[in-house]
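Participant: My structure file model12.txt, compact mmCIF, C-alpha atoms and all ligand atoms, is below:
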```
# COMPACT_ATOMS: atom_id res chain seq x y z
CA MET H 62 21.75 -33.63 -19.02
CA LYS H 63 24.03 -31.78 -16.61
CA ASN H 64 23.32 -28.20 -15.62
CA ARG H 65 19.85 -28.29 -17.10
CA ILE H 66 18.63 -25.61 -14.74
CA ALA H 67 20.02 -22.12 -15.35
CA LYS H 68 22.34 -20.78 -12.66
CA ALA H 69 20.16 -17.74 -12.14
CA ILE H 70 17.38 -20.08 -11.01
CA THR H 71 19.44 -22.47 -8.88
CA GLN H 72 20.91 -19.47 -7.09
CA MET H 73 17.53 -17.87 -6.49
CA PRO H 74 16.34 -18.40 -2.89
CA PRO H 75 12.78 -19.73 -2.53
CA SER H 76 10.24 -17.23 -1.22
CA GLY H 77 10.46 -17.16 2.57
CA ILE H 78 6.66 -17.01 2.65
CA ARG H 79 6.10 -20.09 0.51
CA GLU H 80 8.81 -22.00 2.34
CA PHE H 81 7.06 -21.33 5.61
CA PHE H 82 3.70 -22.31 4.19
CA ASP H 83 4.96 -25.73 3.22
CA LEU H 84 5.08 -26.31 6.97
CA VAL H 85 1.43 -25.25 7.36
CA LEU H 86 0.18 -27.67 4.69
CA GLY H 87 -1.49 -30.65 6.22
CA MET H 88 -1.88 -29.06 9.66
CA LYS H 89 -5.39 -28.76 11.11
CA ASP H 90 -6.96 -25.88 13.06
CA VAL H 91 -4.29 -23.40 11.96
CA ILE H 92 -5.12 -19.71 12.24
CA SER H 93 -3.21 -18.09 9.43
CA LEU H 94 -2.11 -14.50 9.56
CA GLY H 95 0.32 -15.44 6.83
CA VAL H 96 -0.81 -14.84 3.27
CA GLY H 97 -1.42 -11.23 2.22
CA GLU H 98 -4.89 -11.65 0.85
CA PRO H 99 -8.31 -10.11 1.63
CA ASP H 100 -10.72 -12.47 3.38
CA PHE H 101 -13.56 -10.90 1.38
CA SER H 102 -14.77 -12.29 -1.94
CA THR H 103 -14.77 -9.94 -4.90
CA PRO H 104 -17.87 -7.66 -4.68
CA TRP H 105 -20.76 -9.18 -6.57
CA ASN H 106 -21.27 -6.39 -9.13
CA ILE H 107 -17.66 -6.92 -10.26
CA CYS H 108 -18.12 -10.70 -10.55
CA GLU H 109 -21.42 -10.23 -12.35
CA SER H 110 -19.94 -7.94 -15.01
CA ALA H 111 -17.44 -10.68 -15.93
CA ILE H 112 -20.03 -13.48 -15.77
CA TYR H 113 -22.37 -11.50 -18.02
CA SER H 114 -19.59 -10.89 -20.55
CA ILE H 115 -18.81 -14.62 -20.69
CA GLU H 116 -22.50 -15.35 -21.21
CA GLN H 117 -22.40 -12.90 -24.13
CA GLY H 118 -19.56 -14.90 -25.66
CA ILE H 119 -16.93 -12.22 -25.00
CA THR H 120 -13.99 -14.57 -24.58
CA SER H 121 -11.37 -13.36 -27.06
CA TYR H 122 -7.90 -11.84 -26.82
CA THR H 123 -7.83 -8.09 -26.41
CA SER H 124 -5.32 -5.61 -27.76
CA ASN H 125 -1.84 -6.38 -26.33
CA SER H 126 -2.03 -3.17 -24.31
CA GLY H 127 -5.41 -4.13 -22.86
CA MET H 128 -8.95 -2.91 -23.60
CA LEU H 129 -8.97 0.75 -24.55
CA GLU H 130 -12.01 1.31 -22.31
CA LEU H 131 -10.05 0.08 -19.29
CA ARG H 132 -7.00 2.17 -20.17
CA LYS H 133 -9.23 5.24 -20.51
CA LEU H 134 -10.83 4.56 -17.12
CA ILE H 135 -7.39 4.13 -15.51
CA SER H 136 -6.14 7.32 -17.12
CA ALA H 137 -9.16 9.25 -15.79
CA ASP H 138 -8.72 7.68 -12.33
CA ILE H 139 -5.04 8.65 -12.12
CA TYR H 140 -5.87 12.16 -13.35
CA LYS H 141 -8.56 12.55 -10.68
CA ARG H 142 -6.12 11.53 -7.94
CA THR H 143 -2.91 13.25 -9.12
CA GLY H 144 -3.75 15.84 -11.77
CA VAL H 145 -1.32 14.03 -14.09
CA ARG H 146 -2.45 12.85 -17.53
CA TYR H 147 -1.37 9.54 -19.05
CA ASP H 148 -2.27 8.92 -22.69
CA PRO H 149 -4.41 5.74 -22.73
CA ALA H 150 -3.05 4.90 -26.19
CA THR H 151 0.67 4.95 -25.40
CA GLU H 152 1.30 5.43 -21.69
CA ILE H 153 -0.75 2.69 -19.99
CA LEU H 154 -0.32 -1.09 -20.18
CA ILE H 155 -2.74 -3.61 -18.64
CA THR H 156 -0.82 -6.47 -17.04
CA VAL H 157 -1.37 -9.77 -15.26
CA GLY H 158 -1.24 -8.11 -11.84
CA VAL H 159 1.43 -5.79 -10.53
CA SER H 160 3.59 -8.93 -10.47
CA GLU H 161 3.86 -9.02 -14.26
CA ALA H 162 4.31 -5.25 -14.47
CA LEU H 163 7.29 -5.49 -12.08
CA ASP H 164 8.92 -8.19 -14.18
CA LEU H 165 8.35 -6.21 -17.39
CA VAL H 166 9.70 -2.94 -16.08
CA MET H 167 12.89 -4.56 -14.78
CA ARG H 168 13.51 -6.32 -18.09
CA THR H 169 12.77 -3.12 -19.99
CA ILE H 170 15.08 -0.74 -18.17
CA LEU H 171 18.04 -2.78 -16.85
CA GLU H 172 21.37 -3.40 -18.53
CA PRO H 173 23.39 -6.24 -16.94
CA GLY H 174 24.78 -5.23 -13.54
CA GLU H 175 22.78 -2.03 -13.18
CA LYS H 176 21.55 -1.43 -9.66
CA VAL H 177 18.06 -1.04 -8.27
CA ILE H 178 17.79 0.41 -4.78
CA ILE H 179 15.11 -1.36 -2.75
CA PRO H 180 14.14 -0.03 0.69
CA ALA H 181 13.85 -3.03 3.02
CA PRO H 182 12.09 -4.87 4.57
CA CYS H 183 10.34 -5.27 1.22
CA TYR H 184 7.90 -7.36 -0.77
CA VAL H 185 9.50 -10.73 -1.51
CA SER H 186 9.59 -10.51 -5.31
CA TYR H 187 11.54 -7.25 -5.68
CA GLY H 188 15.05 -8.73 -5.34
CA PRO H 189 14.48 -11.83 -7.50
CA MET H 190 12.73 -9.80 -10.26
CA THR H 191 15.69 -7.42 -10.36
CA SER H 192 18.24 -10.26 -10.49
CA LEU H 193 16.33 -12.21 -13.14
CA ALA H 194 16.45 -9.15 -15.37
CA GLY H 195 20.23 -9.08 -14.95
CA GLY H 196 20.21 -6.22 -12.47
CA GLN H 197 21.65 -5.98 -8.99
CA PRO H 198 19.34 -5.38 -6.03
CA VAL H 199 20.83 -3.02 -3.45
CA TYR H 200 18.87 -2.95 -0.20
CA LEU H 201 18.40 0.21 1.80
CA PRO H 202 17.58 -0.97 5.33
CA THR H 203 14.96 0.96 7.27
CA THR H 204 14.34 0.55 10.98
CA LYS H 205 11.50 0.66 13.49
CA GLU H 206 13.07 3.85 14.91
CA GLU H 207 12.69 5.46 11.44
CA ALA H 208 9.09 4.16 11.26
CA PHE H 209 10.40 1.94 8.42
CA LYS H 210 10.69 4.96 6.12
CA ILE H 211 13.50 5.90 3.77
CA ASN H 212 16.09 8.26 5.19
CA PRO H 213 16.78 10.59 2.21
CA GLU H 214 20.40 11.16 3.27
CA LYS H 215 21.11 7.44 3.39
CA LEU H 216 19.41 7.08 0.02
CA ASP H 217 21.56 9.87 -1.39
CA ARG H 218 24.74 8.14 -0.17
CA LEU H 219 23.76 4.77 -1.57
CA ILE H 220 23.28 5.96 -5.16
CA ASP H 221 26.26 5.56 -7.48
CA LYS H 222 26.95 5.57 -11.22
CA LYS H 223 25.52 2.08 -11.65
CA THR H 224 22.20 2.95 -10.00
CA LYS H 225 19.40 2.85 -12.54
CA ALA H 226 16.31 2.90 -10.38
CA LEU H 227 14.73 3.20 -6.98
CA LEU H 228 11.84 0.85 -6.24
CA LEU H 229 9.27 2.31 -3.84
CA ASN H 230 6.31 0.57 -2.23
CA PHE H 231 3.92 2.47 -0.04
CA PRO H 232 1.85 1.75 1.93
CA SER H 233 4.36 -1.01 2.45
CA ASN H 234 4.19 -4.73 2.51
CA PRO H 235 5.32 -5.81 5.14
CA THR H 236 5.53 -2.74 7.43
CA GLY H 237 2.47 -0.66 6.50
CA ALA H 238 4.68 2.45 6.35
CA SER H 239 3.63 5.26 4.02
CA TYR H 240 4.77 8.80 3.20
CA THR H 241 3.49 12.32 3.61
CA GLU H 242 3.75 14.76 0.73
CA ALA H 243 6.71 16.45 2.48
CA GLU H 244 8.53 13.12 2.83
CA LEU H 245 7.91 12.26 -0.83
CA LYS H 246 9.27 15.66 -1.82
CA GLN H 247 12.61 14.79 -0.20
CA ILE H 248 12.76 11.47 -2.04
CA ARG H 249 11.92 13.19 -5.34
CA GLN H 250 14.76 15.66 -4.77
CA VAL H 251 17.29 12.84 -4.35
CA ALA H 252 15.97 10.96 -7.40
CA GLU H 253 16.14 14.12 -9.52
CA LYS H 254 19.63 15.04 -8.29
CA HIS H 255 21.00 11.66 -9.41
CA ASP H 256 18.74 11.16 -12.43
CA VAL H 257 17.41 7.75 -11.36
CA LEU H 258 14.13 6.21 -12.44
CA VAL H 259 11.56 5.64 -9.73
CA ILE H 260 9.35 2.57 -9.90
CA THR H 261 6.49 3.13 -7.51
CA ASP H 262 4.29 0.20 -6.46
CA GLU H 263 1.19 1.72 -4.89
CA ILE H 264 -1.02 -1.38 -4.89
CA TYR H 265 -2.19 -0.62 -1.32
CA ASP H 266 -2.96 3.08 -1.97
CA ILE H 267 -6.68 2.85 -1.24
CA LEU H 268 -5.90 1.03 2.02
CA THR H 269 -4.48 4.14 3.71
CA TYR H 270 -6.27 4.74 6.98
CA ASP H 271 -5.74 7.97 8.88
CA THR H 272 -4.70 10.32 6.07
CA ASP H 273 -5.03 10.58 2.30
CA HIS H 274 -2.61 8.60 0.15
CA HIS H 275 -0.14 10.79 -1.75
CA CYS H 276 1.01 9.41 -5.07
CA PHE H 277 4.72 9.64 -5.92
CA VAL H 278 3.79 11.05 -9.32
CA ASN H 279 2.41 14.53 -8.70
CA ASN H 280 3.21 16.54 -11.84
CA LYS H 281 4.59 16.36 -15.39
CA LYS H 282 8.16 16.40 -14.15
CA THR H 283 7.84 13.43 -11.77
CA LYS H 284 5.87 11.54 -14.41
CA GLU H 285 8.89 11.78 -16.75
CA TYR H 286 11.10 9.64 -14.49
CA SER H 287 8.51 7.40 -12.84
CA VAL H 288 6.87 4.08 -13.54
CA TYR H 289 3.60 3.92 -11.62
CA LEU H 290 2.30 0.43 -10.81
CA ASN H 291 -1.10 -0.36 -9.40
CA GLY H 292 -3.72 -3.09 -9.50
CA PHE H 293 -7.01 -4.43 -8.29
CA SER H 294 -5.92 -7.37 -6.11
CA LYS H 295 -5.94 -5.77 -2.69
CA ALA H 296 -8.48 -2.93 -2.35
CA HIS H 297 -11.08 -4.64 -4.56
CA ALA H 298 -10.41 -8.16 -3.22
CA MET H 299 -9.49 -9.40 -6.69
CA THR H 300 -6.27 -11.37 -6.11
CA GLY H 301 -7.39 -14.34 -8.21
CA TRP H 302 -8.38 -12.26 -11.24
CA ARG H 303 -4.72 -11.38 -11.92
CA ILE H 304 -5.15 -7.85 -13.18
CA GLY H 305 -3.04 -4.72 -12.77
CA TYR H 306 -1.37 -1.99 -14.79
CA ALA H 307 1.63 0.21 -15.40
CA ALA H 308 1.54 3.90 -16.30
CA ALA H 309 4.73 5.57 -17.54
CA PRO H 310 6.17 7.65 -20.38
CA ALA H 311 5.61 6.11 -23.83
CA ASP H 312 9.20 4.83 -24.33
CA ILE H 313 9.02 2.72 -21.16
CA ILE H 314 5.46 1.47 -21.78
CA GLY H 315 6.48 0.72 -25.39
CA GLY H 316 9.38 -1.43 -24.17
CA MET H 317 7.24 -3.23 -21.62
CA THR H 318 4.55 -3.85 -24.25
CA LYS H 319 7.09 -5.51 -26.57
CA ILE H 320 7.92 -8.13 -23.93
CA HIS H 321 4.29 -8.48 -22.84
CA GLN H 322 3.08 -9.10 -26.42
CA TYR H 323 5.43 -12.07 -26.82
CA SER H 324 5.20 -13.55 -23.33
CA ILE H 325 1.58 -12.94 -22.33
CA LEU H 326 -0.30 -11.50 -25.36
CA CYS H 327 -2.85 -9.82 -23.11
CA ALA H 328 -4.39 -9.96 -19.67
CA PRO H 329 -7.55 -12.15 -19.50
CA ILE H 330 -10.52 -10.34 -21.02
CA ALA H 331 -12.97 -11.29 -18.22
CA ALA H 332 -10.57 -9.80 -15.65
CA GLN H 333 -10.26 -6.62 -17.73
CA ILE H 334 -14.05 -6.29 -17.88
CA ALA H 335 -14.24 -6.85 -14.11
CA ALA H 336 -11.56 -4.17 -13.59
CA CYS H 337 -13.67 -1.69 -15.62
CA GLU H 338 -16.59 -2.37 -13.26
CA ALA H 339 -14.29 -1.94 -10.21
CA LEU H 340 -13.26 1.49 -11.49
CA LYS H 341 -16.80 2.54 -12.43
CA HIS H 342 -18.75 1.24 -9.44
CA GLY H 343 -16.26 -0.32 -7.01
CA MET H 344 -15.35 2.36 -4.52
CA GLU H 345 -18.30 1.98 -2.18
CA ALA H 346 -17.54 -1.70 -1.57
CA ALA H 347 -13.81 -0.98 -1.34
CA ASN H 348 -14.45 1.66 1.32
CA GLU H 349 -16.64 -0.75 3.32
CA MET H 350 -13.85 -3.37 3.30
CA LYS H 351 -11.36 -0.69 4.26
CA LYS H 352 -13.50 0.31 7.27
CA ASP H 353 -13.43 -3.29 8.41
CA TYR H 354 -9.66 -3.61 7.99
CA ASN H 355 -9.26 -0.40 9.96
CA ARG H 356 -11.19 -1.85 12.91
CA ARG H 357 -9.03 -4.98 12.80
CA ARG H 358 -5.85 -2.87 12.49
CA LYS H 359 -6.66 -1.01 15.70
CA LEU H 360 -7.60 -4.22 17.50
CA ILE H 361 -4.46 -6.16 16.56
CA VAL H 362 -2.07 -3.27 17.25
CA ALA H 363 -3.59 -2.71 20.71
CA GLU H 364 -3.51 -6.42 21.54
CA LEU H 365 0.09 -6.97 20.36
CA ASN H 366 1.30 -4.01 22.40
CA ARG H 367 -0.60 -5.34 25.41
CA LEU H 368 1.34 -8.60 25.00
CA GLY H 369 4.61 -6.64 24.96
CA LEU H 370 5.23 -7.24 21.23
CA GLU H 371 5.99 -3.64 20.42
CA CYS H 372 4.03 -2.71 17.32
CA HIS H 373 3.81 0.66 15.57
CA MET H 374 0.48 1.69 14.06
CA PRO H 375 0.79 0.95 10.31
CA GLU H 376 -0.46 3.79 8.11
CA GLY H 377 -1.76 1.49 5.39
CA SER H 378 -1.94 -1.98 3.74
CA PHE H 379 -3.20 -4.84 5.93
CA TYR H 380 -0.07 -5.94 7.76
CA VAL H 381 1.44 -5.34 11.17
CA PHE H 382 5.14 -5.82 11.81
CA PRO H 383 5.65 -6.21 15.57
CA SER H 384 9.05 -6.54 17.18
CA ILE H 385 10.13 -9.76 18.88
CA LYS H 386 13.71 -8.54 19.48
CA HIS H 387 13.39 -8.52 23.27
CA LEU H 388 12.59 -12.25 23.28
CA GLY H 389 16.11 -13.10 22.15
CA ILE H 390 15.12 -15.59 19.41
CA ASP H 391 15.30 -15.05 15.70
CA SER H 392 12.15 -14.60 13.67
CA VAL H 393 12.22 -18.02 11.93
CA GLU H 394 12.54 -19.81 15.28
CA PHE H 395 9.70 -17.70 16.74
CA CYS H 396 7.37 -18.51 13.83
CA THR H 397 8.25 -22.20 13.69
CA LYS H 398 7.67 -22.66 17.43
CA LEU H 399 4.46 -20.62 17.39
CA LEU H 400 3.13 -22.75 14.53
CA LYS H 401 4.08 -26.04 16.17
CA GLN H 402 2.92 -25.17 19.67
CA GLU H 403 -0.18 -23.09 18.98
CA ASN H 404 -1.12 -23.60 15.32
CA VAL H 405 -0.79 -19.91 14.50
CA ALA H 406 0.95 -19.04 11.23
CA VAL H 407 2.80 -15.73 10.94
CA ILE H 408 5.71 -14.88 8.64
CA PRO H 409 9.30 -14.35 9.83
CA GLY H 410 10.40 -10.76 9.24
CA SER H 411 13.61 -12.09 7.71
CA ALA H 412 11.57 -13.30 4.69
CA PHE H 413 11.39 -9.60 3.71
CA GLY H 414 15.12 -8.94 3.98
CA GLU H 415 17.83 -9.36 6.58
CA CYS H 416 16.81 -6.18 8.38
CA GLY H 417 13.38 -7.71 8.98
CA ASN H 418 14.84 -10.17 11.45
CA GLY H 419 13.62 -9.41 14.98
CA HIS H 420 10.13 -8.85 13.60
CA VAL H 421 7.25 -10.94 12.30
CA ARG H 422 4.61 -10.03 9.73
CA MET H 423 0.96 -10.63 10.47
CA CYS H 424 -1.80 -10.05 7.96
CA TYR H 425 -4.96 -8.83 9.67
CA ALA H 426 -7.24 -9.32 6.66
CA ILE H 427 -8.83 -12.23 8.51
CA ASP H 428 -11.97 -12.63 10.62
CA THR H 429 -12.00 -10.60 13.87
CA GLN H 430 -12.80 -13.73 15.93
CA ASP H 431 -9.72 -15.40 14.41
CA ILE H 432 -7.59 -12.38 15.31
CA LYS H 433 -8.84 -12.61 18.90
CA GLU H 434 -8.19 -16.36 19.06
CA ALA H 435 -4.72 -15.94 17.52
CA ILE H 436 -3.88 -13.32 20.15
CA LYS H 437 -5.00 -15.71 22.93
CA ARG H 438 -2.75 -18.41 21.52
CA ILE H 439 0.21 -16.03 21.10
CA GLU H 440 -0.25 -14.88 24.70
CA ARG H 441 -0.11 -18.51 25.88
CA PHE H 442 2.92 -19.16 23.65
CA LEU H 443 4.84 -16.20 25.06
CA THR H 444 4.61 -17.66 28.55
CA THR H 445 6.57 -20.73 27.34
CA LEU H 446 9.56 -18.76 26.05
N1 LIG H 501 3.23 -5.56 -4.79
C1 LIG H 501 3.10 -5.75 -3.47
C2 LIG H 501 3.73 -4.78 -2.55
C3 LIG H 501 2.38 -6.84 -2.95
O1 LIG H 501 2.26 -6.99 -1.63
C4 LIG H 501 1.81 -7.76 -3.85
C5 LIG H 501 1.09 -8.96 -3.35
O2 LIG H 501 1.15 -9.34 -2.21
C6 LIG H 501 1.97 -7.54 -5.22
C7 LIG H 501 2.68 -6.43 -5.65
C8 LIG H 501 1.39 -8.48 -6.23
O3 LIG H 501 0.21 -7.94 -6.72
P1 LIG H 501 -0.67 -8.56 -7.88
O4 LIG H 501 -1.68 -9.46 -7.24
O5 LIG H 501 -1.29 -7.37 -8.54
O6 LIG H 501 0.26 -9.30 -8.78
```
Hey, can you dump this file as structure tokens for me?

Facilitator:
Amino acid sequence: MKNRIAKAITQMPPSGIREFFDLVLGMKDVISLGVGEPDFSTPWNICESAIYSIEQGITSYTSNSGMLELRKLISADIYKRTGVRYDPATEILITVGVSEALDLVMRTILEPGEKVIIPAPCYVSYGPMTSLAGGQPVYLPTTKEEAFKINPEKLDRLIDKKTKALLLNFPSNPTGASYTEAELKQIRQVAEKHDVLVITDEIYDILTYDTDHHCFVNNKKTKEYSVYLNGFSKAHAMTGWRIGYAAAPADIIGGMTKIHQYSILCAPIAAQIAACEALKHGMEAANEMKKDYNRRRKLIVAELNRLGLECHMPEGSFYVFPSIKHLGIDSVEFCTKLLKQENVAVIPGSAFGECGNGHVRMCYAIDTQDIKEAIKRIERFLTTL
């Protein structure tokens, strides 16, 4: 059969991260600062809660929306952090990671051709998820000079009649940038002026280092036009459990639930039980892991700057985004050569949007000795350029 693959798929570029990792496969002695994943295993009490439930024979579907106990815990957790109440019955949906929640929200809110503004460099799935839902991603470039933060005036100018939503992510993958309350206030003002929805992916919120994380949703009014996404993958080292959630007004959650009930039915019950344990007794372990990431953050930033790879101190997440502009080679060439010559895998900044070129992303959620060895190898590599 001709044209058996839909155009939307043939036109979709492969993930720049995966593409690069095909090169790594089969290589030995590679130090990878590539994949954005904790090097810790899930804390044992969380694993045990799921194991115990399986031993008890608890292996069924749950409600499409997810276990009520988990939705209640999430509602209480959001209330504690923001003072905003979400009704566990109608305003929270448990999803297969933030990844599924992103897909659902795009398909729920977008009419064909409607625009979503995405500050860039950004997480690799934002553009493709928007396009697959029939929307049009519009990138708002941010620069090192702006600390990779949104300039509210530029945002204001970019919004037009076709703009349906703004997609925020902070702390950011790949730059680590985050926002103060005053900075968020300016973004809220622009969103309110133009009546756009704000999808806010705060999956790295707990991994904010020098200050407290401020949630985009801070009162009843912001709740009305926001879709808050969060999950357990990063701070609780639960990437493989595939569990996250969306909190939003009932009409949006209702729409998302319709798609979710046909395409997924429900998130895995063992993962939902584990997420309950993470919310009830998971913060101590999460804070210990965070302390460790913080030490590695300081180490890698100091070392990269010593090597002349100018690197701002990221406020959160577990990535650094140093500049390689002064070397005069593009980021794909830098990463390919570094991998071939020194067996160190880092991701080209261009994988996160055109404006990421001239940078590379390194994930420092790896062993400190490996960070030190990677730095040694990068130092040797730089002398060959
Ligand atoms: N959002 C951001 C910004 C991410 O960096 C990632 C994973 O790297 C995800 C969402 C996916 O999260 P989950 O594992 O909950 O699907």

Participant: Within 10 Å of stretch 143-154 of chain H, counting all atoms listed in the file, which residues qualify if same-chain residues fewer than 3 places away don't, as a PyMOL selection string?

Facilitator: chain H and resi 125-140+162+275-284+288-290+305-315+317-318+321+327-328

Participant: Restricting it to C-alpha atoms, dump the selection as an mmCIF file, in the frame of the given file.

Facilitator:
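What landed in again.cif:
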```cif
data_model
loop_
_atom_site.group_PDB
_atom_site.id
_atom_site.type_symbol
_atom_site.label_atom_id
_atom_site.label_comp_id
_atom_site.auth_asym_id
_atom_site.auth_seq_id
_atom_site.Cartn_x
_atom_site.Cartn_y
_atom_site.Cartn_z
ATOM 1 C CA ASN H 125 -1.840 -6.380 -26.330
ATOM 2 C CA SER H 126 -2.030 -3.170 -24.310
ATOM 3 C CA GLY H 127 -5.410 -4.130 -22.860
ATOM 4 C CA MET H 128 -8.950 -2.910 -23.600
ATOM 5 C CA LEU H 129 -8.970 0.750 -24.550
ATOM 6 C CA GLU H 130 -12.010 1.310 -22.310
ATOM 7 C CA LEU H 131 -10.050 0.080 -19.290
ATOM 8 C CA ARG H 132 -7.000 2.170 -20.170
ATOM 9 C CA LYS H 133 -9.230 5.240 -20.510
ATOM 10 C CA LEU H 134 -10.830 4.560 -17.120
ATOM 11 C CA ILE H 135 -7.390 4.130 -15.510
ATOM 12 C CA SER H 136 -6.140 7.320 -17.120
ATOM 13 C CA ALA H 137 -9.160 9.250 -15.790
ATOM 14 C CA ASP H 138 -8.720 7.680 -12.330
ATOM 15 C CA ILE H 139 -5.040 8.650 -12.120
ATOM 16 C CA TYR H 140 -5.870 12.160 -13.350
ATOM 17 C CA ALA H 162 4.310 -5.250 -14.470
ATOM 18 C CA HIS H 275 -0.140 10.790 -1.750
ATOM 19 C CA CYS H 276 1.010 9.410 -5.070
ATOM 20 C CA PHE H 277 4.720 9.640 -5.920
ATOM 21 C CA VAL H 278 3.790 11.050 -9.320
ATOM 22 C CA ASN H 279 2.410 14.530 -8.700
ATOM 23 C CA ASN H 280 3.210 16.540 -11.840
ATOM 24 C CA LYS H 281 4.590 16.360 -15.390
ATOM 25 C CA LYS H 282 8.160 16.400 -14.150
ATOM 26 C CA THR H 283 7.840 13.430 -11.770
ATOM 27 C CA LYS H 284 5.870 11.540 -14.410
ATOM 28 C CA VAL H 288 6.870 4.080 -13.540
ATOM 29 C CA TYR H 289 3.600 3.920 -11.620
ATOM 30 C CA LEU H 290 2.300 0.430 -10.810
ATOM 31 C CA GLY H 305 -3.040 -4.720 -12.770
ATOM 32 C CA TYR H 306 -1.370 -1.990 -14.790
ATOM 33 C CA ALA H 307 1.630 0.210 -15.400
ATOM 34 C CA ALA H 308 1.540 3.900 -16.300
ATOM 35 C CA ALA H 309 4.730 5.570 -17.540
ATOM 36 C CA PRO H 310 6.170 7.650 -20.380
ATOM 37 C CA ALA H 311 5.610 6.110 -23.830
ATOM 38 C CA ASP H 312 9.200 4.830 -24.330
ATOM 39 C CA ILE H 313 9.020 2.720 -21.160
ATOM 40 C CA ILE H 314 5.460 1.470 -21.780
ATOM 41 C CA GLY H 315 6.480 0.720 -25.390
ATOM 42 C CA MET H 317 7.240 -3.230 -21.620
ATOM 43 C CA THR H 318 4.550 -3.850 -24.250
ATOM 44 C CA HIS H 321 4.290 -8.480 -22.840
ATOM 45 C CA CYS H 327 -2.850 -9.820 -23.110
ATOM 46 C CA ALA H 328 -4.390 -9.960 -19.670
#
```

Participant: Rounded to one decimal, what separation in Å do you get between atom CA of H:Asp164 and atom CA of H:Ile220?

Facilitator: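 Spanning atom CA of H:Asp164 to atom CA of H:Ile220 is a straight-line distance of 22.1 Å.
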
Participant: Kindly provide, as a PDB file with C-alpha atoms, in the frame of the given file, all nucleotide and amino acid residues lying within 10 Å of ligand LIG 501 (chain H), counting all atoms listed in the file.

Facilitator:
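Result file is selection.pdb:
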```pdb
ATOM      1  CA  VAL H  96      -0.810 -14.840   3.270  1.00  0.00           C
ATOM      2  CA  GLY H  97      -1.420 -11.230   2.220  1.00  0.00           C
ATOM      3  CA  GLU H  98      -4.890 -11.650   0.850  1.00  0.00           C
ATOM      4  CA  THR H 156      -0.820  -6.470 -17.040  1.00  0.00           C
ATOM      5  CA  VAL H 157      -1.370  -9.770 -15.260  1.00  0.00           C
ATOM      6  CA  GLY H 158      -1.240  -8.110 -11.840  1.00  0.00           C
ATOM      7  CA  VAL H 159       1.430  -5.790 -10.530  1.00  0.00           C
ATOM      8  CA  SER H 160       3.590  -8.930 -10.470  1.00  0.00           C
ATOM      9  CA  GLU H 161       3.860  -9.020 -14.260  1.00  0.00           C
ATOM     10  CA  ALA H 162       4.310  -5.250 -14.470  1.00  0.00           C
ATOM     11  CA  LEU H 163       7.290  -5.490 -12.080  1.00  0.00           C
ATOM     12  CA  CYS H 183      10.340  -5.270   1.220  1.00  0.00           C
ATOM     13  CA  TYR H 184       7.900  -7.360  -0.770  1.00  0.00           C
ATOM     14  CA  VAL H 185       9.500 -10.730  -1.510  1.00  0.00           C
ATOM     15  CA  SER H 186       9.590 -10.510  -5.310  1.00  0.00           C
ATOM     16  CA  TYR H 187      11.540  -7.250  -5.680  1.00  0.00           C
ATOM     17  CA  LEU H 229       9.270   2.310  -3.840  1.00  0.00           C
ATOM     18  CA  ASN H 230       6.310   0.570  -2.230  1.00  0.00           C
ATOM     19  CA  PHE H 231       3.920   2.470  -0.040  1.00  0.00           C
ATOM     20  CA  PRO H 232       1.850   1.750   1.930  1.00  0.00           C
ATOM     21  CA  SER H 233       4.360  -1.010   2.450  1.00  0.00           C
ATOM     22  CA  ASN H 234       4.190  -4.730   2.510  1.00  0.00           C
ATOM     23  CA  PRO H 235       5.320  -5.810   5.140  1.00  0.00           C
ATOM     24  CA  THR H 261       6.490   3.130  -7.510  1.00  0.00           C
ATOM     25  CA  ASP H 262       4.290   0.200  -6.460  1.00  0.00           C
ATOM     26  CA  GLU H 263       1.190   1.720  -4.890  1.00  0.00           C
ATOM     27  CA  ILE H 264      -1.020  -1.380  -4.890  1.00  0.00           C
ATOM     28  CA  TYR H 265      -2.190  -0.620  -1.320  1.00  0.00           C
ATOM     29  CA  LEU H 290       2.300   0.430 -10.810  1.00  0.00           C
ATOM     30  CA  ASN H 291      -1.100  -0.360  -9.400  1.00  0.00           C
ATOM     31  CA  GLY H 292      -3.720  -3.090  -9.500  1.00  0.00           C
ATOM     32  CA  PHE H 293      -7.010  -4.430  -8.290  1.00  0.00           C
ATOM     33  CA  SER H 294      -5.920  -7.370  -6.110  1.00  0.00           C
ATOM     34  CA  LYS H 295      -5.940  -5.770  -2.690  1.00  0.00           C
ATOM     35  CA  ALA H 298     -10.410  -8.160  -3.220  1.00  0.00           C
ATOM     36  CA  MET H 299      -9.490  -9.400  -6.690  1.00  0.00           C
ATOM     37  CA  THR H 300      -6.270 -11.370  -6.110  1.00  0.00           C
ATOM     38  CA  GLY H 301      -7.390 -14.340  -8.210  1.00  0.00           C
ATOM     39  CA  TRP H 302      -8.380 -12.260 -11.240  1.00  0.00           C
ATOM     40  CA  ARG H 303      -4.720 -11.380 -11.920  1.00  0.00           C
ATOM     41  CA  ILE H 304      -5.150  -7.850 -13.180  1.00  0.00           C
ATOM     42  CA  GLY H 305      -3.040  -4.720 -12.770  1.00  0.00           C
ATOM     43  CA  TYR H 306      -1.370  -1.990 -14.790  1.00  0.00           C
ATOM     44  CA  SER H 378      -1.940  -1.980   3.740  1.00  0.00           C
ATOM     45  CA  PHE H 379      -3.200  -4.840   5.930  1.00  0.00           C
ATOM     46  CA  TYR H 380      -0.070  -5.940   7.760  1.00  0.00           C
TER      47      TYR H 380
END
```

Participant: Hey, which of H:Leu399, H:Gly95, H:Met350, H:Arg438 ends up closest to H:Arg79? Count all atoms listed in the file.

Facilitator: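 Result for the nearest residue to H:Arg79: H:Gly95.
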